[in-house]
Amino acid sequence: MVWGRRARWPFRRRAPHLRLGARGERIAVRALRRSGYRVVARNYRPGRRRSDAELDIVAWEGQTLAVVEVKTRRGGFGDPAERVDREKRRRIRRSAARMWRRESSRKRIPPGSRLRMDVVEVWFPAVRSRRFLVRLRAALRPPVVRIRRGAF
């Protein structure tokens, strides 16, 4: 069962940073499924308010409903999870609470379930060379994926 499917326009071009984020989310979904999560929603927006945060991934791990924030970086310094600041965490908590109320009323969340917020970090290798073979080798390296359970 998938919650809140939305139509997408595949022919519309997006900015490079948005394409990188979407690619990171696809990789994160695969990593979560390999780790035993059951993904029920992607890009879930529980309300129409602009102040509501979009929940990147909503997935079940046993009796725990995990709200997953995906942070994707290409090279750079520091952990991607550090980019989830206090304001972003507050918005995600508020959206997760609104999602919990809505889906509980629709009987999609069984009684006795727990809610947890995770972060999935996806790093792509940074390439500074102009040489074609160096860039090609770096592009063929798999990204580094780390799942932080209960990160915030």
# chains A, B, ... in the order shown; residues from 1 in each chain; ligands from 1
$ closest_atom_pairs --of "segment 25-109 of chain A" --to "segment 127-149 of chain A" --cutoff "9 Å" --atoms "only C-alpha atoms" --output "CSV"
residue,atom,partner,partner_atom,distance
A:Ile27,CA,A:Val145,CA,8.1
A:Ala28,CA,A:Val145,CA,7.3
A:Ala31,CA,A:Val145,CA,7.4
A:Leu32,CA,A:Ile147,CA,7.9
A:Ala66,CA,A:Arg149,CA,8.6
A:Val68,CA,A:Arg149,CA,8.9
A:Arg74,CA,A:Val127,CA,8.8
A:Gly75,CA,A:Val127,CA,7.9
A:Ala81,CA,A:Arg148,CA,8.6
$ select_by_dssp --residues "chain A" --states "strand (DSSP E or B)" --output "ChimeraX atom specification"
/A:38-44,55-61,64-74,114-124,144-148
$ closest_residue --among "A:Ser95, A:Ser51, A:Arg73, A:Ser35" --to "Ala22 of chain A" --atoms "only C-alpha atoms"
A:Arg73
$ closest_residue --among "A:Arg91, A:Asp79, A:Asp85, A:Glu25" --to "Ile57 of chain A" --atoms "only C-alpha atoms"
A:Glu25
$ residues_around --residues "Arg33 of chain A" --least-positions-apart "3" --cutoff "12 Å" --atoms "only C-alpha atoms" --output "PyMOL selection string"
chain A and resi 26-30+36-40+57-61+147
$ write_last_selection --atoms "C-alpha atoms" --output "mmCIF file, in the first residue's frame"
data_model
loop_
_atom_site.group_PDB
_atom_site.id
_atom_site.type_symbol
_atom_site.label_atom_id
_atom_site.label_comp_id
_atom_site.auth_asym_id
_atom_site.auth_seq_id
_atom_site.Cartn_x
_atom_site.Cartn_y
_atom_site.Cartn_z
ATOM 1 C CA ARG A 26 16.142 6.745 -4.937
ATOM 2 C CA ILE A 27 19.410 5.347 -3.576
ATOM 3 C CA ALA A 28 18.160 5.828 -0.002
ATOM 4 C CA VAL A 29 14.940 3.920 -0.755
ATOM 5 C CA ARG A 30 16.974 0.989 -2.101
ATOM 6 C CA GLY A 36 14.359 -4.405 6.068
ATOM 7 C CA TYR A 37 12.220 -1.265 5.872
ATOM 8 C CA ARG A 38 8.885 -1.300 4.015
ATOM 9 C CA VAL A 39 8.489 2.046 2.239
ATOM 10 C CA VAL A 40 4.898 3.333 2.162
ATOM 11 C CA ILE A 57 10.380 8.854 3.042
ATOM 12 C CA VAL A 58 7.864 7.196 5.360
ATOM 13 C CA ALA A 59 8.600 3.519 6.029
ATOM 14 C CA TRP A 60 7.773 0.720 8.442
ATOM 15 C CA GLU A 61 10.481 -1.168 10.305
ATOM 16 C CA ILE A 147 21.371 5.103 7.837
#
$ select_by_dssp --residues "segment 99-145 of chain A" --states "helix (DSSP H, G or I)" --output "list in words"
Met99, Trp100, Arg101, Arg102, Glu103, Ser104, Ser105, Phe132, Leu133, Val134, Arg135, Leu136, Arg137, Ala138, Ala139 and Leu140 of chain A
$ write_last_selection --atoms "N, CA, C and O atoms" --output "compact mmCIF listing (two decimals), in the first residue's frame"
# COMPACT_ATOMS: atom_id res chain seq x y z
N MET A 99 0.93 13.91 10.11
CA MET A 99 0.78 12.69 9.32
C MET A 99 0.27 11.55 10.20
O MET A 99 -0.59 10.79 9.79
N TRP A 100 0.81 11.44 11.42
CA TRP A 100 0.38 10.39 12.36
C TRP A 100 -1.10 10.51 12.65
O TRP A 100 -1.83 9.50 12.63
N ARG A 101 -1.58 11.74 12.93
CA ARG A 101 -3.01 11.93 13.21
C ARG A 101 -3.86 11.57 12.00
O ARG A 101 -4.88 10.88 12.13
N ARG A 102 -3.45 12.03 10.83
CA ARG A 102 -4.24 11.79 9.62
C ARG A 102 -4.31 10.30 9.29
O ARG A 102 -5.40 9.76 9.04
N GLU A 103 -3.18 9.63 9.30
CA GLU A 103 -3.16 8.22 8.90
C GLU A 103 -3.73 7.31 9.99
O GLU A 103 -4.26 6.25 9.68
N SER A 104 -3.66 7.73 11.25
CA SER A 104 -4.31 6.96 12.32
C SER A 104 -5.82 7.01 12.18
O SER A 104 -6.51 6.01 12.40
N SER A 105 -6.33 8.18 11.82
CA SER A 105 -7.78 8.30 11.63
C SER A 105 -8.25 7.48 10.43
O SER A 105 -9.39 7.04 10.39
N PHE A 132 38.97 12.98 -18.62
CA PHE A 132 37.77 12.20 -18.83
C PHE A 132 37.78 10.89 -18.05
O PHE A 132 36.81 10.53 -17.38
N LEU A 133 38.90 10.16 -18.09
CA LEU A 133 38.95 8.86 -17.42
C LEU A 133 38.87 8.98 -15.91
O LEU A 133 38.28 8.13 -15.24
N VAL A 134 39.43 10.03 -15.35
CA VAL A 134 39.35 10.24 -13.90
C VAL A 134 37.90 10.49 -13.50
O VAL A 134 37.39 9.94 -12.52
N ARG A 135 37.21 11.34 -14.27
CA ARG A 135 35.80 11.63 -13.97
C ARG A 135 34.94 10.38 -14.15
O ARG A 135 34.02 10.13 -13.38
N LEU A 136 35.24 9.60 -15.20
CA LEU A 136 34.47 8.38 -15.45
C LEU A 136 34.64 7.38 -14.32
O LEU A 136 33.66 6.80 -13.83
N ARG A 137 35.89 7.17 -13.84
CA ARG A 137 36.11 6.25 -12.73
C ARG A 137 35.38 6.70 -11.47
O ARG A 137 34.82 5.90 -10.75
N ALA A 138 35.40 8.01 -11.21
CA ALA A 138 34.71 8.53 -10.03
C ALA A 138 33.21 8.36 -10.16
O ALA A 138 32.51 8.08 -9.18
N ALA A 139 32.67 8.54 -11.37
CA ALA A 139 31.23 8.39 -11.57
C ALA A 139 30.79 6.94 -11.40
O ALA A 139 29.64 6.68 -11.05
N LEU A 140 31.70 5.99 -11.66
CA LEU A 140 31.34 4.58 -11.54
C LEU A 140 31.46 4.06 -10.11
O LEU A 140 30.97 2.99 -9.81
$ closest_residue --among "A:Lys71, A:Lys88, A:Arg23, A:Arg106" --to "Val120 of chain A" --atoms "only C-alpha atoms"
A:Lys71
$ residues_around --residues "Gly112 of chain A" --least-positions-apart "3" --cutoff "10 Å" --atoms "only C-alpha atoms" --output "VMD selection string"
chain A and resid 63 to 64 109
$ write_last_selection --atoms "C-alpha atoms" --output "PDB file, in the first residue's frame"
ATOM      1  CA  GLN A  63       6.078  -1.975  14.502  1.00  0.00           C
ATOM      2  CA  THR A  64       7.923   1.348  14.170  1.00  0.00           C
ATOM      3  CA  ILE A 109      -1.401   2.989  11.606  1.00  0.00           C
TER       4      ILE A 109
END
$ closest_residue --among "A:Arg98, A:Gly21, A:Ser113, A:Ala151" --to "Val84 of chain A" --atoms "only C-alpha atoms"
A:Ala151
$ closest_residue --among "A:Leu20, A:Ala96, A:Val70, A:Ala15" --to "Phe124 of chain A" --atoms "only C-alpha atoms"
A:Leu20
